[in-house]
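Colleague: Hey, dropping work-v6.txt in here, compact mmCIF, C-alpha atoms:
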# COMPACT_ATOMS: atom_id res chain seq x y z
CA MET B 1 8.95 1.73 20.99
CA HIS B 2 9.25 0.03 24.40
CA GLY B 3 7.00 -2.50 26.08
CA LEU B 4 5.99 -3.92 22.70
CA SER B 5 4.83 -7.52 22.94
CA GLN B 6 3.40 -9.98 20.45
CA ARG B 7 0.10 -11.77 20.94
CA SER B 8 -0.85 -15.11 19.40
CA ILE B 9 -2.93 -14.77 16.25
CA GLN B 10 -4.88 -17.64 14.68
CA PRO B 11 -7.64 -17.50 12.03
CA SER B 12 -11.03 -18.35 13.54
CA ALA B 13 -12.76 -21.62 12.68
CA ALA B 14 -15.87 -19.71 11.62
CA SER B 15 -13.82 -17.75 9.07
CA LYS B 16 -12.44 -20.96 7.60
CA HIS B 17 -15.85 -22.61 7.35
CA ARG B 18 -17.35 -19.48 5.78
CA ALA B 19 -14.53 -19.28 3.23
CA ILE B 20 -14.91 -22.95 2.28
CA GLY B 21 -18.68 -22.61 1.90
CA ILE B 22 -18.42 -19.55 -0.34
CA ALA B 23 -15.66 -21.18 -2.41
CA VAL B 24 -17.80 -24.29 -3.01
CA ALA B 25 -20.77 -22.13 -4.05
CA LEU B 26 -18.62 -20.11 -6.44
CA VAL B 27 -17.06 -23.17 -8.06
CA THR B 28 -20.52 -24.72 -8.47
CA MET B 29 -21.83 -21.56 -10.11
CA ILE B 30 -18.94 -21.54 -12.57
CA ALA B 31 -19.36 -25.24 -13.35
CA LEU B 32 -23.05 -24.78 -14.14
CA ALA B 33 -22.59 -21.61 -16.20
CA PRO B 34 -24.08 -21.74 -19.73
CA SER B 35 -21.61 -23.02 -22.29
CA ALA B 36 -23.20 -21.20 -25.24
CA ARG B 37 -20.68 -19.68 -27.64
CA ALA B 38 -17.92 -21.54 -25.87
CA GLN B 39 -16.04 -21.52 -29.15
CA GLU B 40 -15.23 -17.86 -28.41
CA SER B 41 -13.37 -18.75 -25.21
CA LYS B 42 -9.87 -17.35 -25.04
CA PHE B 43 -7.13 -16.56 -22.58
CA ALA B 44 -5.75 -13.16 -21.59
CA ILE B 45 -3.01 -11.87 -19.30
CA SER B 46 -3.11 -8.45 -17.61
CA ALA B 47 -0.55 -6.35 -15.78
CA PHE B 48 -1.71 -3.34 -13.77
CA GLY B 49 -0.76 -0.60 -11.37
CA GLY B 50 -3.02 1.50 -9.24
CA TYR B 51 -3.99 3.22 -6.04
CA ASN B 52 -4.98 1.53 -2.80
CA ILE B 53 -7.47 3.50 -0.65
CA ALA B 54 -6.73 2.35 2.89
CA ALA B 55 -8.39 2.85 6.29
CA ASP B 56 -7.76 2.42 10.02
CA ILE B 57 -6.57 -1.10 10.73
CA TYR B 58 -5.93 -1.07 14.50
CA ASN B 59 -7.69 0.58 17.47
CA ASP B 60 -6.18 0.65 20.91
CA LEU B 61 -8.25 -1.17 23.50
CA ASN B 62 -8.45 1.92 25.74
CA GLY B 63 -10.10 4.01 23.04
CA GLY B 64 -7.30 6.59 22.97
CA GLY B 65 -6.19 6.39 19.37
CA SER B 66 -5.90 4.32 16.24
CA LEU B 67 -3.37 3.19 13.68
CA GLU B 68 -4.27 3.84 10.06
CA LEU B 69 -2.79 2.54 6.85
CA LYS B 70 -1.76 5.26 4.44
CA ASN B 71 -3.04 5.24 0.87
CA SER B 72 -0.43 3.72 -1.40
CA PHE B 73 0.59 2.46 -4.82
CA MET B 74 -0.25 -1.13 -5.73
CA TRP B 75 0.58 -3.44 -8.63
CA GLY B 76 -0.18 -6.94 -9.84
CA GLY B 77 -1.41 -9.20 -12.59
CA ARG B 78 -4.45 -11.22 -13.67
CA ALA B 79 -4.90 -14.35 -15.79
CA THR B 80 -8.36 -14.41 -17.41
CA LEU B 81 -10.28 -17.14 -19.23
CA PHE B 82 -13.29 -15.96 -21.26
CA THR B 83 -15.94 -18.69 -21.02
CA ASN B 84 -18.21 -16.92 -23.54
CA ARG B 85 -18.85 -13.34 -24.68
CA TYR B 86 -20.84 -12.66 -21.49
CA SER B 87 -18.54 -14.02 -18.78
CA ALA B 88 -15.02 -14.90 -17.72
CA VAL B 89 -13.15 -16.33 -14.75
CA GLU B 90 -9.75 -15.21 -13.56
CA PHE B 91 -7.02 -15.51 -10.98
CA SER B 92 -5.61 -12.25 -9.64
CA TYR B 93 -2.56 -11.29 -7.60
CA ALA B 94 -1.91 -7.83 -6.15
CA ARG B 95 0.83 -6.41 -3.96
CA ASN B 96 0.56 -3.25 -1.93
CA GLY B 97 2.28 -1.84 1.10
CA SER B 98 1.18 0.92 3.45
CA ASP B 99 2.97 2.91 6.11
CA LEU B 100 1.34 2.94 9.53
CA ASN B 101 0.31 6.32 10.93
CA VAL B 102 -0.68 6.98 14.54
CA ARG B 103 -3.94 8.91 14.91
CA THR B 104 -4.08 10.41 18.39
CA SER B 105 -6.76 11.85 20.65
CA ALA B 106 -6.87 13.73 23.96
CA LEU B 107 -6.44 10.41 25.75
CA LYS B 108 -3.20 9.57 24.00
CA PRO B 109 -0.08 11.78 23.73
CA ASN B 110 1.46 12.58 20.41
CA PRO B 111 4.30 10.25 19.45
CA PRO B 112 7.83 11.63 19.83
CA SER B 113 9.45 13.49 16.97
CA GLY B 114 10.57 11.14 14.23
CA PHE B 115 8.52 8.23 15.56
CA ASP B 116 8.09 5.49 12.93
CA ALA B 117 5.11 3.19 13.56
CA GLY B 118 6.19 0.79 10.83
CA ARG B 119 4.67 -0.66 7.70
CA ILE B 120 2.46 -3.51 6.51
CA ASN B 121 2.87 -5.22 3.14
CA LEU B 122 -0.05 -7.21 1.72
CA ASP B 123 -0.16 -10.03 -0.83
CA GLU B 124 -3.71 -10.42 -2.20
CA TYR B 125 -4.85 -13.54 -4.10
CA ASP B 126 -8.32 -13.76 -5.63
CA PHE B 127 -10.49 -15.99 -7.80
CA ASN B 128 -12.96 -13.76 -9.64
CA VAL B 129 -15.98 -14.08 -11.91
CA LEU B 130 -16.56 -11.38 -14.55
CA ILE B 131 -20.06 -10.84 -15.93
CA SER B 132 -20.61 -8.64 -18.98
CA GLN B 133 -23.38 -7.19 -21.10
CA PRO B 134 -21.51 -6.40 -24.34
CA THR B 135 -22.21 -3.00 -25.90
CA GLY B 136 -22.78 -2.09 -29.53
CA ASN B 137 -19.10 -1.22 -29.75
CA PRO B 138 -17.18 -4.50 -30.28
CA LYS B 139 -13.99 -2.88 -28.96
CA VAL B 140 -15.47 -2.30 -25.48
CA TRP B 141 -16.15 -5.13 -22.99
CA PRO B 142 -17.62 -3.74 -19.74
CA TYR B 143 -17.99 -6.05 -16.74
CA PHE B 144 -19.08 -6.49 -13.15
CA THR B 145 -16.74 -8.58 -11.04
CA MET B 146 -16.94 -10.43 -7.74
CA GLY B 147 -14.61 -12.90 -6.13
CA ILE B 148 -13.12 -14.51 -3.06
CA GLY B 149 -9.58 -15.10 -1.95
CA TRP B 150 -7.10 -14.50 0.81
CA THR B 151 -4.68 -11.82 1.98
CA LEU B 152 -1.23 -12.52 3.44
CA THR B 153 -0.10 -9.77 5.81
CA HIS B 154 3.55 -8.93 6.44
CA PRO B 155 3.74 -6.39 9.30
CA ASP B 156 6.98 -4.56 10.04
CA VAL B 157 6.34 -2.85 13.38
CA LYS B 158 9.20 -0.72 14.65
CA GLY B 159 10.15 -1.62 18.21
CA GLU B 160 12.41 -3.64 20.43
CA ASP B 161 12.07 -5.89 23.44
CA PRO B 162 13.05 -3.78 26.51
CA ASN B 163 14.59 -6.86 28.16
CA THR B 164 16.71 -8.15 25.28
CA LEU B 165 16.91 -4.95 23.18
CA GLN B 166 16.24 -7.17 20.16
CA PRO B 167 13.81 -6.17 17.39
CA ILE B 168 10.30 -7.54 17.91
CA ASN B 169 8.47 -9.32 15.13
CA VAL B 170 4.67 -9.22 14.86
CA SER B 171 3.49 -12.31 13.02
CA GLY B 172 1.55 -11.98 9.80
CA ASN B 173 -1.72 -13.72 8.99
CA SER B 174 -3.53 -15.43 6.15
CA LEU B 175 -6.96 -13.78 6.10
CA PHE B 176 -10.10 -14.58 4.10
CA ALA B 177 -11.21 -11.78 1.76
CA PHE B 178 -13.82 -11.01 -0.88
CA ASN B 179 -14.14 -8.23 -3.45
CA PHE B 180 -16.60 -6.75 -5.90
CA GLY B 181 -16.45 -3.97 -8.45
CA PHE B 182 -16.69 -3.05 -12.11
CA GLY B 183 -14.45 -2.22 -15.02
CA GLY B 184 -13.91 -2.51 -18.71
CA MET B 185 -11.52 -3.61 -21.44
CA ILE B 186 -11.02 -1.33 -24.43
CA LYS B 187 -9.31 -2.99 -27.40
CA ALA B 188 -6.47 -1.10 -29.03
CA ASN B 189 -5.83 -3.93 -31.52
CA PRO B 190 -6.72 -7.65 -31.73
CA ASN B 191 -4.04 -8.56 -29.18
CA LEU B 192 -3.95 -5.62 -26.78
CA SER B 193 -6.53 -3.89 -24.58
CA LEU B 194 -6.54 -1.12 -22.02
CA ARG B 195 -8.14 -2.35 -18.80
CA LEU B 196 -9.66 -0.07 -16.14
CA ASP B 197 -10.93 -1.49 -12.84
CA ALA B 198 -12.45 -0.25 -9.57
CA ARG B 199 -13.04 -2.61 -6.63
CA TRP B 200 -14.05 -2.66 -3.00
CA ARG B 201 -12.17 -5.23 -0.96
CA VAL B 202 -13.24 -6.63 2.41
CA THR B 203 -10.85 -8.67 4.58
CA ASP B 204 -11.91 -10.79 7.54
CA THR B 205 -9.95 -9.68 10.62
CA ASN B 206 -12.19 -11.54 13.09
CA ILE B 207 -9.35 -13.65 14.47
CA ASN B 208 -8.68 -15.09 17.90
CA THR B 209 -6.28 -13.03 20.02
CA SER B 210 -5.54 -12.69 23.71
CA SER B 211 -5.80 -9.01 24.64
CA GLY B 212 -4.66 -7.56 21.35
CA VAL B 213 -2.36 -7.90 18.39
CA TYR B 214 0.50 -6.18 20.20
CA CYS B 215 1.21 -3.54 22.86
CA ASP B 216 3.24 -0.38 22.27
CA TYR B 217 5.63 1.55 24.50
CA TRP B 218 2.77 3.74 25.79
CA GLY B 219 1.31 0.61 27.39
CA TYR B 220 -1.68 0.54 25.02
CA CYS B 221 -2.65 -2.77 23.43
CA TRP B 222 -3.87 -2.66 19.85
CA THR B 223 -6.50 -4.82 18.24
CA TYR B 224 -8.07 -4.87 14.79
CA ALA B 225 -10.38 -1.89 14.25
CA SER B 226 -13.33 -4.09 13.28
CA SER B 227 -14.17 -7.65 12.25
CA TRP B 228 -13.87 -6.58 8.60
CA TYR B 229 -11.19 -4.36 7.10
CA ASN B 230 -12.45 -2.34 4.10
CA SER B 231 -10.33 -0.84 1.35
CA GLY B 232 -10.75 0.45 -2.18
CA GLU B 233 -8.66 -0.24 -5.28
CA LEU B 234 -8.41 1.79 -8.50
CA THR B 235 -6.23 0.18 -11.16
CA ALA B 236 -5.32 0.57 -14.82
CA GLY B 237 -3.22 -1.66 -17.03
CA LEU B 238 -2.75 -3.53 -20.27
CA THR B 239 -4.28 -6.86 -21.24
CA TYR B 240 -2.64 -9.13 -23.79
CA HIS B 241 -4.85 -11.51 -25.82
CA PRO B 242 -2.70 -14.24 -27.46
CA SER B 243 -3.64 -15.08 -31.02
CA ARG B 244 -5.77 -18.20 -31.36
Show this structure as structure tokens.
Modeller:
Amino acid sequence: MHGLSQRSIQPSAASKHRAIGIAVALVTMIALAPSARAQESKFAISAFGGYNIAADIYNDLNGGGSLELKNSFMWGGRATLFTNRYSAVEFSYARNGSDLNVRTSALKPNPPSGFDAGRINLDEYDFNVLISQPTGNPKVWPYFTMGIGWTLTHPDVKGEDPNTLQPINVSGNSLFAFNFGFGGMIKANPNLSLRLDARWRVTDTNINTSSGVYCDYWGYCWTYASSWYNSGELTAGLTYHPSR
């Protein structure tokens, strides 16, 4: 990949202010939550694996093609505190990585044989609230979840500087994100549950750039496909409930 150049990338002030405002509102909501049946509060730890449903992440500024992230495996863990039988709060970490794939059109030639566009790895950190309406079956705890957090991107774009012939690095970003979804915990015994979860994740890519994130050897400059990057997550795992 020749002619590849890096552009400066900085999170926008509006994104930071929006993230801070939502975080304050979420913390306030948790602080004011009813404390009824607080004696039932307990801690749980989950490990999970799953499937990340990705989408296009970059469009070229000339409208001739796009770069998409391929669907991929993901894994992570969650630490959950049950505030009462109807709600819980948790911290979540997930790791997934996707290969980049060039989607072409009539305006853009196909890449050469064996062309490798690269890969992006993502570290996702979230603070979530879980809200439940317990069923008649005490072994099942269904929930709706929503949360906010941030995503650290680690791009590995294949290319080299035509002047120095040295590999080119495209800087990663720390991006605001929020998620919502639903799931359930199904107890196998007092200390172990099966946890199933489905979420939609939205990441703020409305960042300040010059003319794009980077330019490839075709001479096309790429920018984020939209102000918000959308992806889906389907996960399953085990939750351990320590004995009180």
Colleague: What's the separation between atom CA of Phe180 of chain B and atom CA of Phe144 of chain B, in Å to one decimal place?
Modeller: 7.7 Å
Colleague: Report the distance between atom CA of Ser132 of chain B and atom CA of Ser87 of chain B in Å, rounded to one decimal place.
Modeller: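 Here the two named atoms are 5.8 Å from each other.
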Colleague: Hey, what's within 6 Å of Asp126 of chain B if we count only C-alpha atoms and toss same-chain stuff fewer than 2 positions away? As a ChimeraX atom specification, please?
Modeller: /B:91-92,148-149
Colleague: Using Å and a single decimal, report how far atom CA of Thr151 of chain B sits from atom CA of Leu194 of chain B.
Modeller: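 Rounded to one decimal, the two atoms are 26.3 Å apart.
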Colleague: If we count all atoms listed in the file and set the cut-off at 10 Å, which residues sit around Ser46 of chain B, ignoring sequence neighbours fewer than 6 positions away in its own chain? Please answer as a list in words.
Modeller: Gly76, Gly77, Arg78, Ala79, Thr80, Ser92, Leu192, Ser193, Leu194, Arg195, Ala236, Gly237, Leu238, Thr239, Tyr240 and His241 of chain B
Colleague: Would you please work out which residue, of B:Thr135, B:Glu124, B:Phe43, B:Asn189, is nearest to Val202 of chain B when using all atoms listed in the file?
Modeller: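 Nearest candidate to Val202 of chain B out of B:Thr135, B:Glu124, B:Phe43, B:Asn189: B:Glu124.
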Colleague: Considering only C-alpha atoms, can you say which of B:Thr203, B:Thr153, B:Pro190, B:Trp228 comes closest to Pro242 of chain B?
Modeller: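 Once distances to Pro242 of chain B are computed over only C-alpha atoms, the minimum belongs to B:Pro190.
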Colleague: I want to know what sits within 9 Å of Val89 of chain B, based on all atoms listed in the file, with residues of the same chain fewer than 3 positions away left out; could you give that as a list in words?
Modeller: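 Once the nearby chain positions are removed, what remains is Ile30, Ala79, Thr80, Leu81, Phe82, Thr83, Phe127, Asn128, Val129, Leu130 and Ile131 of chain B.
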Colleague: Grab the residues selected above and save them as a CSV table (one decimal), in the coordinates of the input with C-alpha atoms.
Modeller:
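Final output, again_9.csv:
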chain,number,residue,atom,x,y,z
B,30,ILE,CA,-18.9,-21.5,-12.6
B,79,ALA,CA,-4.9,-14.4,-15.8
B,80,THR,CA,-8.4,-14.4,-17.4
B,81,LEU,CA,-10.3,-17.1,-19.2
B,82,PHE,CA,-13.3,-16.0,-21.3
B,83,THR,CA,-15.9,-18.7,-21.0
B,127,PHE,CA,-10.5,-16.0,-7.8
B,128,ASN,CA,-13.0,-13.8,-9.6
B,129,VAL,CA,-16.0,-14.1,-11.9
B,130,LEU,CA,-16.6,-11.4,-14.6
B,131,ILE,CA,-20.1,-10.8,-15.9
Colleague: Need the shell around Asp204 of chain B: protein/DNA/RNA residues with any atom at most 6 Å away, counting all atoms listed in the file. Skip same-chain ones fewer than 6 positions apart. Format as a ChimeraX atom specification?
Modeller: /B:175-177,228
Colleague: When distances are computed from all atoms listed in the file, which of B:Leu100, B:His154, B:Lys187, B:Phe182 shows the smallest separation from Lys139 of chain B?
Modeller: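 Residue with the minimum atom-to-atom distance to Lys139 of chain B: B:Lys187.
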Colleague: Restricting the calculation to all atoms listed in the file, which member of B:Gly147, B:Gly183, B:Gly232, B:Pro138 is positioned closest to Met74 of chain B?
Modeller: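 Closest to Met74 of chain B of all the choices is B:Gly232.
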Colleague: Taking into account all atoms listed in the file, which residue in the set B:Ala188, B:Ala117, B:Val140, B:Leu152 is nearest to Arg85 of chain B?
Modeller: B:Val140
